[in-house]
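Structure file coords06.txt; described as compact mmCIF, C-alpha atoms.
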```
# COMPACT_ATOMS: atom_id res chain seq x y z
CA MET A 1 -30.64 19.36 -1.80
CA ASN A 2 -26.89 19.34 -1.45
CA ALA A 3 -26.57 15.98 -3.14
CA GLN A 4 -25.08 17.91 -6.06
CA ALA A 5 -21.74 17.52 -4.30
CA ILE A 6 -21.89 13.81 -5.08
CA PRO A 7 -20.76 12.55 -8.50
CA ALA A 8 -23.70 12.03 -10.82
CA GLN A 9 -23.03 8.34 -11.38
CA THR A 10 -22.82 7.61 -7.67
CA LEU A 11 -25.95 9.62 -7.06
CA ASN A 12 -27.85 7.71 -9.75
CA GLU A 13 -26.74 4.40 -8.26
CA VAL A 14 -27.88 5.52 -4.82
CA TYR A 15 -31.29 6.47 -6.14
CA LYS A 16 -31.51 3.15 -7.96
CA THR A 17 -30.69 1.35 -4.71
CA ILE A 18 -33.34 3.29 -2.81
CA ALA A 19 -35.86 2.73 -5.58
CA GLN A 20 -35.20 -1.02 -5.45
CA ARG A 21 -35.77 -0.99 -1.72
CA HIS A 22 -39.05 0.83 -2.21
CA GLU A 23 -39.90 -1.46 -5.12
CA THR A 24 -40.41 1.44 -7.44
CA ASP A 25 -38.88 2.92 -10.55
CA PRO A 26 -35.97 5.33 -9.94
CA ALA A 27 -37.76 7.90 -12.12
CA LYS A 28 -40.78 7.77 -9.84
CA LEU A 29 -38.76 8.27 -6.70
CA THR A 30 -39.63 11.47 -4.84
CA LYS A 31 -36.07 12.50 -4.13
CA ASP A 32 -36.95 15.40 -1.86
CA GLN A 33 -38.71 13.03 0.51
CA ILE A 34 -35.74 10.71 1.06
CA ASP A 35 -34.49 11.33 4.54
CA GLU A 36 -30.81 11.85 5.31
CA ASP A 37 -30.47 8.54 7.20
CA GLU A 38 -31.81 6.46 4.35
CA PHE A 39 -29.79 8.33 1.79
CA MET A 40 -26.56 7.86 3.75
CA ALA A 41 -27.34 4.17 4.33
CA ALA A 42 -27.92 3.62 0.61
CA LEU A 43 -24.75 5.52 -0.21
CA ALA A 44 -22.73 3.46 2.27
CA TYR A 45 -24.20 0.21 0.94
CA ASN A 46 -23.52 1.25 -2.60
CA ARG A 47 -19.88 1.97 -1.91
CA GLY A 48 -19.40 -0.93 0.53
CA PHE A 49 -18.38 1.43 3.32
CA PRO A 50 -19.24 1.21 6.99
CA LEU A 51 -21.47 4.08 8.01
CA ILE A 52 -20.65 6.28 10.98
CA GLU A 53 -23.66 7.95 12.53
CA PRO A 54 -23.81 10.28 15.53
CA GLN A 55 -24.52 7.40 17.93
CA ASP A 56 -21.33 5.68 16.72
CA LEU A 57 -19.08 8.47 17.96
CA SER A 58 -18.00 6.55 21.03
CA GLU A 59 -15.10 7.58 23.23
CA GLU A 60 -13.11 4.71 21.77
CA LEU A 61 -13.69 5.81 18.18
CA VAL A 62 -12.98 9.47 18.95
CA GLY A 63 -9.86 8.38 20.86
CA MET A 64 -8.60 6.43 17.85
CA CYS A 65 -9.28 9.41 15.59
CA ARG A 66 -7.47 11.69 18.00
CA GLN A 67 -4.49 9.36 17.99
CA SER A 68 -4.37 9.10 14.20
CA SER A 69 -4.90 12.80 13.56
CA ARG A 70 -2.69 14.32 16.21
CA GLU A 71 -0.27 15.63 13.57
CA LEU A 72 -3.03 17.18 11.47
CA ASP A 73 -4.79 20.48 11.77
CA PRO A 74 -8.53 20.04 12.50
CA LYS A 75 -9.30 22.98 10.23
CA GLY A 76 -7.44 21.30 7.39
CA MET A 77 -9.39 18.10 8.02
CA ALA A 78 -12.65 20.07 7.99
CA GLU A 79 -11.64 21.69 4.76
CA TYR A 80 -11.02 18.36 3.05
CA LYS A 81 -13.79 16.61 5.01
CA PHE A 82 -11.90 13.69 6.49
CA VAL A 83 -10.59 12.31 9.77
CA PRO A 84 -8.13 9.41 9.82
CA LEU A 85 -9.39 6.62 12.06
CA THR A 86 -6.62 4.05 12.14
CA ILE A 87 -3.83 2.33 10.25
CA ARG A 88 -3.70 -1.43 9.83
CA GLY A 89 -0.66 -2.71 7.98
CA GLN A 90 -0.47 -0.56 4.88
CA THR A 91 -4.16 0.25 4.97
CA LEU A 92 -5.36 3.59 6.26
CA LEU A 93 -8.97 3.81 7.36
CA VAL A 94 -10.41 7.27 6.97
CA ILE A 95 -13.78 8.67 7.99
CA SER A 96 -15.02 11.00 5.30
CA SER A 97 -18.19 12.62 4.07
CA CYS A 98 -16.89 12.80 0.49
CA PRO A 99 -14.71 9.74 -0.17
CA TRP A 100 -15.01 10.30 -3.91
CA ASP A 101 -12.97 13.49 -3.80
CA PRO A 102 -9.63 12.79 -5.53
CA MET A 103 -8.05 15.91 -4.07
CA MET A 104 -8.80 14.72 -0.56
CA VAL A 105 -7.29 11.33 -1.38
CA GLU A 106 -4.18 13.07 -2.67
CA VAL A 107 -3.88 15.16 0.48
CA ILE A 108 -4.26 12.07 2.67
CA SER A 109 -1.68 10.16 0.62
CA GLY A 110 0.75 13.00 1.25
CA TYR A 111 0.36 12.68 5.00
CA PHE A 112 0.39 8.91 5.15
CA PRO A 113 2.91 7.87 2.50
CA GLN A 114 3.45 4.56 4.30
CA CYS A 115 -0.14 3.53 3.52
CA SER A 116 -0.55 2.08 0.06
CA GLN A 117 -4.28 1.59 0.53
CA ILE A 118 -6.85 4.08 1.71
CA ARG A 119 -10.22 2.76 2.75
CA PHE A 120 -13.18 4.79 3.88
CA ALA A 121 -15.91 4.80 6.43
CA LEU A 122 -18.70 7.06 5.28
CA THR A 123 -20.29 9.70 7.41
CA SER A 124 -22.63 12.60 6.81
CA PRO A 125 -21.30 16.15 6.77
CA GLN A 126 -23.11 16.80 10.08
CA THR A 127 -21.59 13.80 11.82
CA LEU A 128 -18.16 14.69 10.50
CA GLY A 129 -18.65 18.15 11.94
CA GLN A 130 -19.58 16.62 15.29
CA LEU A 131 -16.53 14.40 15.21
CA LEU A 132 -14.25 17.30 14.38
CA ASN A 133 -15.79 19.32 17.18
CA GLN A 134 -15.26 16.43 19.60
CA LEU A 135 -11.65 16.19 18.51
CA GLN A 136 -11.28 19.84 19.33
CA GLY A 137 -13.22 19.41 22.55
CA GLU A 138 -15.98 21.78 21.50
CA ALA A 139 -19.73 21.56 21.41
CA ALA A 140 -21.20 20.30 18.15
CA SER A 141 -22.25 22.96 15.69
CA PRO A 142 -25.01 22.27 13.18
CA MET A 143 -24.03 21.48 9.58
CA VAL A 144 -26.26 20.91 6.61
CA GLY A 145 -26.46 17.42 5.14
CA TYR A 146 -26.85 15.94 1.68
CA THR A 147 -30.62 15.81 1.70
CA SER A 148 -31.30 19.00 3.61
CA ALA A 149 -33.40 21.59 1.86
CA LYS A 150 -30.97 24.35 2.73
CA PRO A 151 -28.05 24.83 0.38
CA VAL A 152 -24.69 24.65 2.01
CA ALA A 153 -21.62 26.66 1.19
CA PRO A 154 -18.68 24.39 0.38
CA LEU A 155 -16.24 24.10 3.23
CA ARG A 156 -13.36 24.24 0.81
CA PRO A 157 -13.23 27.42 -1.26
CA LEU A 158 -13.43 26.91 -4.98
CA ILE A 159 -10.77 27.97 -7.46
CA GLN A 160 -9.31 31.39 -6.88
CA THR A 161 -11.54 34.33 -7.76
CA ALA A 162 -10.51 37.90 -8.44
CA ALA A 163 -10.85 38.92 -4.81
CA PRO A 164 -7.89 38.11 -2.54
CA ALA A 165 -8.46 34.86 -0.77
CA PRO A 166 -8.85 34.86 2.99
CA ALA A 167 -6.15 33.07 4.93
CA LYS A 168 -6.92 29.35 4.82
CA ALA A 169 -6.43 26.71 7.40
CA PRO A 170 -2.76 25.89 7.63
CA VAL A 171 -2.11 22.22 7.12
CA PRO A 172 1.37 21.14 8.11
CA PRO A 173 3.35 19.77 5.18
CA PRO A 174 3.53 15.99 4.83
CA PRO A 175 6.36 14.32 6.68
CA PRO A 176 9.48 13.44 4.69
CA THR A 177 9.37 9.99 3.14
CA GLY A 178 13.02 9.06 3.50
CA PRO A 179 14.39 7.22 6.52
CA ALA A 180 16.69 10.04 7.63
CA PRO A 181 15.22 12.59 10.04
CA ALA A 182 14.24 15.85 8.36
CA SER A 183 16.27 17.91 10.82
CA ALA A 184 19.45 16.13 9.77
CA LEU A 185 19.10 17.19 6.17
CA PRO A 186 19.56 20.56 4.53
CA GLN A 187 16.15 22.04 3.94
CA ILE A 188 15.20 24.53 1.30
CA PRO A 189 12.80 26.91 3.01
CA ALA A 190 9.34 27.25 1.58
CA ILE A 191 8.82 30.42 -0.39
CA THR A 192 5.85 32.69 -0.48
CA ILE A 193 5.11 34.91 -3.42
CA GLN A 194 2.75 37.66 -2.45
CA PRO A 195 1.83 41.05 -3.78
CA SER A 196 2.84 43.99 -1.66
CA GLY A 197 0.32 44.74 1.03
CA ALA A 198 -1.41 41.38 0.67
CA PRO A 199 -2.06 39.28 3.78
CA PRO A 200 0.52 36.56 4.42
CA ALA A 201 -0.27 33.40 2.55
CA PRO A 202 -0.91 30.23 4.54
CA LYS A 203 1.52 27.33 4.45
CA TYR A 204 -0.83 25.19 2.43
CA VAL A 205 -3.27 26.50 -0.08
CA GLN A 206 -5.82 25.04 -2.39
CA PRO A 207 -4.00 23.41 -5.28
CA ALA A 208 -4.86 24.77 -8.69
CA LYS A 209 -7.16 22.66 -10.82
CA PRO A 210 -4.61 21.45 -13.35
CA ALA A 211 -6.42 20.98 -16.65
CA GLU A 212 -7.74 24.46 -17.28
CA ALA A 213 -5.76 26.53 -14.90
CA LEU A 214 -2.45 25.75 -16.52
CA LYS A 215 -3.27 26.59 -20.09
CA SER A 216 -0.76 29.41 -20.09
CA PRO A 217 2.16 29.44 -17.68
CA LEU A 218 1.48 31.60 -14.65
CA ALA A 219 -1.55 33.27 -16.17
CA ILE A 220 -1.89 35.67 -13.30
CA ASP A 221 -3.43 38.50 -15.24
CA SER A 222 -6.31 36.45 -16.49
CA GLY A 223 -7.08 35.35 -12.91
CA LEU A 224 -6.53 31.66 -13.66
CA LEU A 225 -3.59 31.27 -11.32
CA SER A 226 -3.52 33.23 -8.13
CA GLN A 227 -0.48 34.22 -6.13
CA GLU A 228 -1.39 31.48 -3.70
CA ASP A 229 -1.53 28.94 -6.49
CA ILE A 230 1.96 29.93 -7.53
CA SER A 231 3.14 29.71 -3.93
CA TYR A 232 1.64 26.26 -3.73
CA LEU A 233 3.36 25.11 -6.91
CA ALA A 234 6.65 26.58 -5.79
CA ASN A 235 6.36 24.86 -2.42
CA LEU A 236 5.57 21.61 -4.16
CA LEU A 237 8.79 21.99 -6.14
CA ILE A 238 10.71 22.72 -2.96
CA GLN A 239 9.27 19.67 -1.24
CA GLU A 240 10.36 17.51 -4.14
CA ALA A 241 13.80 19.13 -4.08
CA ASN A 242 14.06 18.37 -0.36
CA LYS A 243 13.13 14.76 -0.98
CA LEU A 244 15.75 14.53 -3.70
CA LEU A 245 18.35 16.03 -1.41
CA ALA A 246 17.38 13.57 1.29
CA ARG A 247 17.69 10.66 -1.10
CA LYS A 248 21.08 11.88 -2.32
CA ARG A 249 22.30 12.26 1.22
CA ILE A 250 21.17 8.75 2.07
CA THR A 251 22.65 7.10 -1.00
CA LYS A 252 25.91 9.01 -0.83
CA PRO A 253 28.81 6.58 -0.25
CA MET B 254 -14.38 -27.47 7.28
CA THR B 255 -16.88 -25.65 5.11
CA THR B 256 -16.15 -24.57 1.57
CA TYR B 257 -15.47 -20.95 2.46
CA GLU B 258 -13.31 -21.96 5.41
CA ARG B 259 -11.34 -24.31 3.21
CA LYS B 260 -10.86 -21.62 0.60
CA GLN B 261 -9.32 -19.26 3.14
CA PHE B 262 -7.33 -22.06 4.79
CA LEU B 263 -5.72 -23.17 1.55
CA GLU B 264 -4.99 -19.61 0.51
CA LEU B 265 -3.21 -18.83 3.77
CA VAL B 266 -1.38 -22.14 3.97
CA GLN B 267 -0.03 -21.63 0.49
CA GLN B 268 0.80 -17.95 0.83
CA PHE B 269 2.52 -18.25 4.20
CA ARG B 270 3.85 -21.79 3.83
CA LEU B 271 2.22 -22.88 7.03
CA ALA B 272 2.47 -26.50 6.05
CA THR B 273 3.95 -28.70 3.39
CA GLU B 274 1.91 -30.65 0.91
CA ALA B 275 2.48 -33.69 3.12
CA ASN B 276 1.24 -32.30 6.42
CA ARG B 277 -1.39 -29.84 5.19
CA GLU B 278 -4.20 -32.29 5.90
CA ALA B 279 -2.84 -32.76 9.41
CA LEU B 280 -3.11 -29.03 9.96
CA ALA B 281 -6.66 -29.06 8.62
CA SER B 282 -7.64 -31.86 10.95
CA LYS B 283 -6.07 -30.00 13.87
CA PHE B 284 -8.34 -27.07 13.04
CA ALA B 285 -11.32 -29.39 12.73
CA SER B 286 -10.69 -30.96 16.14
CA ILE B 287 -10.30 -27.53 17.80
CA THR B 288 -13.52 -26.20 16.30
CA GLN B 289 -15.45 -29.40 17.08
CA LYS B 290 -14.42 -29.10 20.71
CA GLN B 291 -15.44 -25.43 20.77
CA ALA B 292 -18.80 -26.25 19.21
CA SER B 293 -19.48 -29.03 21.71
CA GLU B 294 -18.66 -26.74 24.61
CA GLY B 295 -20.84 -23.93 23.26
CA GLU B 296 -17.92 -21.60 22.74
CA PRO B 297 -17.35 -19.28 19.77
CA ILE B 298 -15.82 -21.17 16.87
CA GLN B 299 -12.34 -19.96 16.10
CA PRO B 300 -12.16 -18.57 12.57
CA VAL B 301 -9.71 -20.06 10.08
CA LEU B 302 -7.81 -16.81 9.91
CA GLY B 303 -7.33 -16.80 13.69
CA PHE B 304 -6.15 -20.40 13.61
CA CYS B 305 -3.64 -19.68 10.87
CA MET B 306 -2.42 -16.56 12.67
CA ASP B 307 -1.83 -18.69 15.78
CA GLU B 308 0.04 -21.22 13.68
CA ALA B 309 2.18 -18.49 12.12
CA GLY B 310 4.67 -18.77 14.97
CA ASN B 311 5.02 -15.13 15.89
CA LYS B 312 2.94 -11.96 16.08
CA GLU B 313 4.57 -10.26 13.11
CA ARG B 314 3.81 -13.17 10.81
CA GLY B 315 0.30 -13.39 12.22
CA ASP B 316 -0.26 -9.69 11.58
CA ALA B 317 1.14 -10.09 8.09
CA MET B 318 -1.53 -12.71 7.44
CA PHE B 319 -4.32 -10.40 8.45
CA ASN B 320 -2.83 -7.57 6.40
CA TYR B 321 -2.55 -9.92 3.46
CA VAL B 322 -6.25 -10.81 3.69
CA LEU B 323 -7.10 -7.12 4.05
CA SER B 324 -5.07 -6.13 1.02
CA ARG B 325 -6.54 -8.88 -1.14
CA CYS B 326 -10.17 -7.87 -0.79
CA ASP B 327 -12.25 -4.76 -1.23
CA ILE B 328 -13.85 -5.14 2.16
CA VAL B 329 -13.19 -2.30 4.55
CA TYR B 330 -11.30 -2.89 7.78
CA TRP B 331 -13.22 -2.13 10.96
CA PRO B 332 -11.26 -1.81 14.22
CA LEU B 333 -14.20 -1.63 16.64
CA PRO B 334 -16.43 -4.68 16.30
CA SER B 335 -19.07 -4.75 19.00
CA VAL B 336 -22.35 -6.62 19.35
CA GLU B 337 -25.41 -4.42 18.95
CA PRO B 338 -26.73 -4.11 22.54
CA SER B 339 -30.30 -5.06 21.61
CA LEU B 340 -29.09 -8.44 20.27
CA ARG B 341 -26.90 -9.55 23.15
CA LYS B 342 -29.55 -11.68 24.78
CA LYS B 343 -30.85 -13.34 21.62
CA ILE B 344 -29.81 -16.98 21.69
CA GLU B 345 -30.31 -17.70 18.00
CA VAL B 346 -28.24 -14.66 17.02
CA LYS B 347 -25.53 -15.70 19.47
CA GLN B 348 -25.41 -19.21 18.01
CA ALA B 349 -25.11 -17.95 14.44
CA ALA B 350 -22.52 -15.36 15.45
CA TYR B 351 -20.49 -18.03 17.30
CA LYS B 352 -20.73 -20.42 14.37
CA HIS B 353 -19.54 -17.92 11.78
CA ALA B 354 -17.27 -15.84 14.01
CA MET B 355 -19.23 -12.81 12.92
CA VAL B 356 -20.46 -9.85 14.90
CA PRO B 357 -23.72 -8.03 14.20
CA GLY B 358 -22.31 -4.64 15.05
CA LYS B 359 -24.98 -2.25 14.06
CA VAL B 360 -28.64 -2.65 13.29
CA THR B 361 -30.61 0.47 12.46
CA LYS B 362 -33.75 1.17 10.47
CA HIS B 363 -31.72 1.30 7.29
CA ILE B 364 -28.57 -0.69 7.82
CA VAL B 365 -27.15 -3.94 9.20
CA MET B 366 -23.40 -3.94 9.66
CA LEU B 367 -21.65 -7.25 10.22
CA SER B 368 -17.99 -7.70 11.15
CA GLY B 369 -16.21 -10.91 10.30
CA THR B 370 -12.87 -12.39 9.38
CA ASN B 371 -13.59 -14.33 6.23
CA PRO B 372 -14.44 -12.38 3.09
CA HIS B 373 -15.51 -15.62 1.42
CA ASP B 374 -18.14 -16.41 4.05
CA VAL B 375 -21.25 -15.51 2.07
CA ASP B 376 -23.32 -18.11 3.94
CA GLY B 377 -22.43 -16.58 7.27
CA ILE B 378 -23.33 -13.09 6.11
CA ARG B 379 -26.64 -14.31 4.72
CA ASN B 380 -27.55 -16.35 7.80
CA LEU B 381 -26.74 -13.66 10.32
CA PHE B 382 -28.31 -10.94 8.23
CA ASN B 383 -31.55 -12.86 7.93
CA LEU B 384 -31.60 -13.30 11.69
CA VAL B 385 -31.00 -9.71 12.67
CA ALA B 386 -32.62 -7.75 9.85
CA THR B 387 -36.03 -6.42 10.78
CA GLY B 388 -36.94 -5.04 7.40
CA GLU B 389 -35.34 -4.13 4.15
CA GLN B 390 -32.07 -2.92 5.61
CA TYR B 391 -28.91 -2.67 3.58
CA PRO B 392 -26.26 -5.24 4.55
CA ILE B 393 -22.68 -4.04 5.00
CA PHE B 394 -19.84 -6.42 5.78
CA VAL B 395 -16.54 -5.28 7.25
CA LEU B 396 -13.35 -7.10 8.20
CA SER B 397 -11.85 -7.24 11.70
CA GLU B 398 -9.04 -9.12 13.37
CA PRO B 399 -10.02 -12.55 14.74
CA SER B 400 -8.94 -11.51 18.23
CA ARG B 401 -11.25 -8.48 18.17
CA ILE B 402 -14.12 -10.59 16.83
CA MET B 403 -13.63 -13.22 19.54
CA GLN B 404 -13.49 -10.47 22.15
CA ALA B 405 -16.69 -8.90 20.82
CA LEU B 406 -18.47 -12.25 20.86
CA THR B 407 -18.05 -12.40 24.62
CA GLN B 408 -20.56 -9.53 24.80
CA PHE B 409 -23.34 -12.04 24.21
CA SER B 410 -24.89 -13.04 27.51
```
Starting from the file, give its structure as structure tokens.
Amino acid sequence: MNAQAIPAQTLNEVYKTIAQRHETDPAKLTKDQIDEDEFMAALAYNRGFPLIEPQDLSEELVGMCRQSSRELDPKGMAEYKFVPLTIRGQTLLVISSCPWDPMMVEVISGYFPQCSQIRFALTSPQTLGQLLNQLQGEAASPMVGYTSAKPVAPLRPLIQTAAPAPAKAPVPPPPPTGPAPASALPQIPAITIQPSGAPPAPKYVQPAKPAEALKSPLAIDSGLLSQEDISYLANLLIQEANKLLARKRITKP
Amino acid sequence: MTTYERKQFLELVQQFRLATEANREALASKFASITQKQASEGEPIQPVLGFCMDEAGNKERGDAMFNYVLSRCDIVYWPLPSVEPSLRKKIEVKQAAYKHAMVPGKVTKHIVMLSGTNPHDVDGIRNLFNLVATGEQYPIFVLSEPSRIMQALTQFS
């Protein structure tokens, strides 16, 4: 069961909800026998999210997703398991199979800084895969769900291991937040720190997990921070510097 | 005007200064006369939010009202309300949907998804859910623009 990807508290609440429906005790629930549809429905109910199932992937819905995600790389969306559906006022509606993931929320916030609220429609990993395939105009490929017996490898690689990371999906950097067009402002180019002979690092890499990874500054030798992590941090700094420059340019008398 | 309608009406009137203290009741009675006429003619009843958006004077202010409602509640916005095809010929469902300006958008073995415009309308959710639920489905309520809801309601035959 791949339900391990779901936070324990949420998972317990979902099982409680299902147990209530079956008029049984959560402890007596045979978790392996809960089908994917029921699990997703209980999860959606529990979180108050609309549920997107394969039959809901209408042309209209896919068209709205295509419109909202035209600036984003489908591989990046697959990595973070989301597809933006629409914006209403300052609210962004996002289809996701893991709406509890704070990193995904952070990534989305970076791309849609004008949206102060992010709301989710829940979908299963399989349906999200179908949607992403439809956005790319490809045939659907099978993906494993939360209640499938087969374990599934995480789409997003975990924290850097000793082996050099394969090139990850490039996600274009978030648009500048200031009113002036980016081209009109001096830009500090993004830097890439890489060991000699290493493959070129992608534009956007998995951010380092902050709490443990940053115990010692740039602890490269111990394998806690990879070259890509350092590139990411450096690029983050450059982005902030660009924003600052933009602000200074705008406020200059 | 029901309790939940009144709650939304007063909230919007106050927030967007649609009326003064003196003519607020006149605005309420205008809404009442519109909805009574719609009910007598068997048309969908215009939701309070839609009425207030019409009274806002311009589209931007009307949109701001909807966005205000959206930002004030935890209910998720849904841009594609549509009546579940299997329910489009059911008279009793149509009547309840017209009365509450609420769309039964999705009915599956495990879920009933309703789209409406008034987050306070617990009665409407309960009534419509009881009509369309065939078992122990989970109810999910989402928020849509009044214009989209009214458009979706025309799918009833």
*Please provide as a ChimeraX atom specification all residues within 9 Å of segment 266-269 of chain B, with the sequence filter that same-chain residues fewer than 6 positions apart are discarded (counting all atoms listed in the file).*
/B:277,305,309,314,318
*Could you tell me how far atom CA of Leu43 of chain A lies from atom CA of Asp101 of chain A, in Å and to one decimal?*
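These atoms are spaced 14.7 Å apart.
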*Could you list the residues in chain A lying within 7 Å of chain B, using only C-alpha atoms, and format the result as a list in words?*
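Those within range of chain B come out as Arg21, Glu38, Ala41, Tyr45, Gly48, Phe49, Pro50, Gly89 and Arg119 of chain A.
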*Between atom CA of Thr91 of chain A and atom CA of Ser116 of chain A, what is the spacing in Å?*
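These two atoms are separated by 6.4 Å.
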*asked:* Report, in Å to a single decimal, how far apart atom CA of Cys65 of chain A and atom CA of Ser400 of chain B are.
replied: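 Computing it gives 21.1 Å between the two atoms.
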*Determine, counting only C-alpha atoms, every residue of protein, DNA or RNA that lies within 10 Å of (-18.9, -21.0, 3.4) in the file coordinates, then give the result as an MDAnalysis selection string.*
chainID B and resid 254:261 353 371:378
Listed atoms of segment 288-293 of chain B, axis-aligned box, 5 Å per side: centre and edge lengths to one decimal in Å, as JSON?
```
{"center_x": -16.5, "center_y": -27.4, "center_z": 19.0, "size_x": 16.0, "size_y": 14.0, "size_z": 15.4}
```
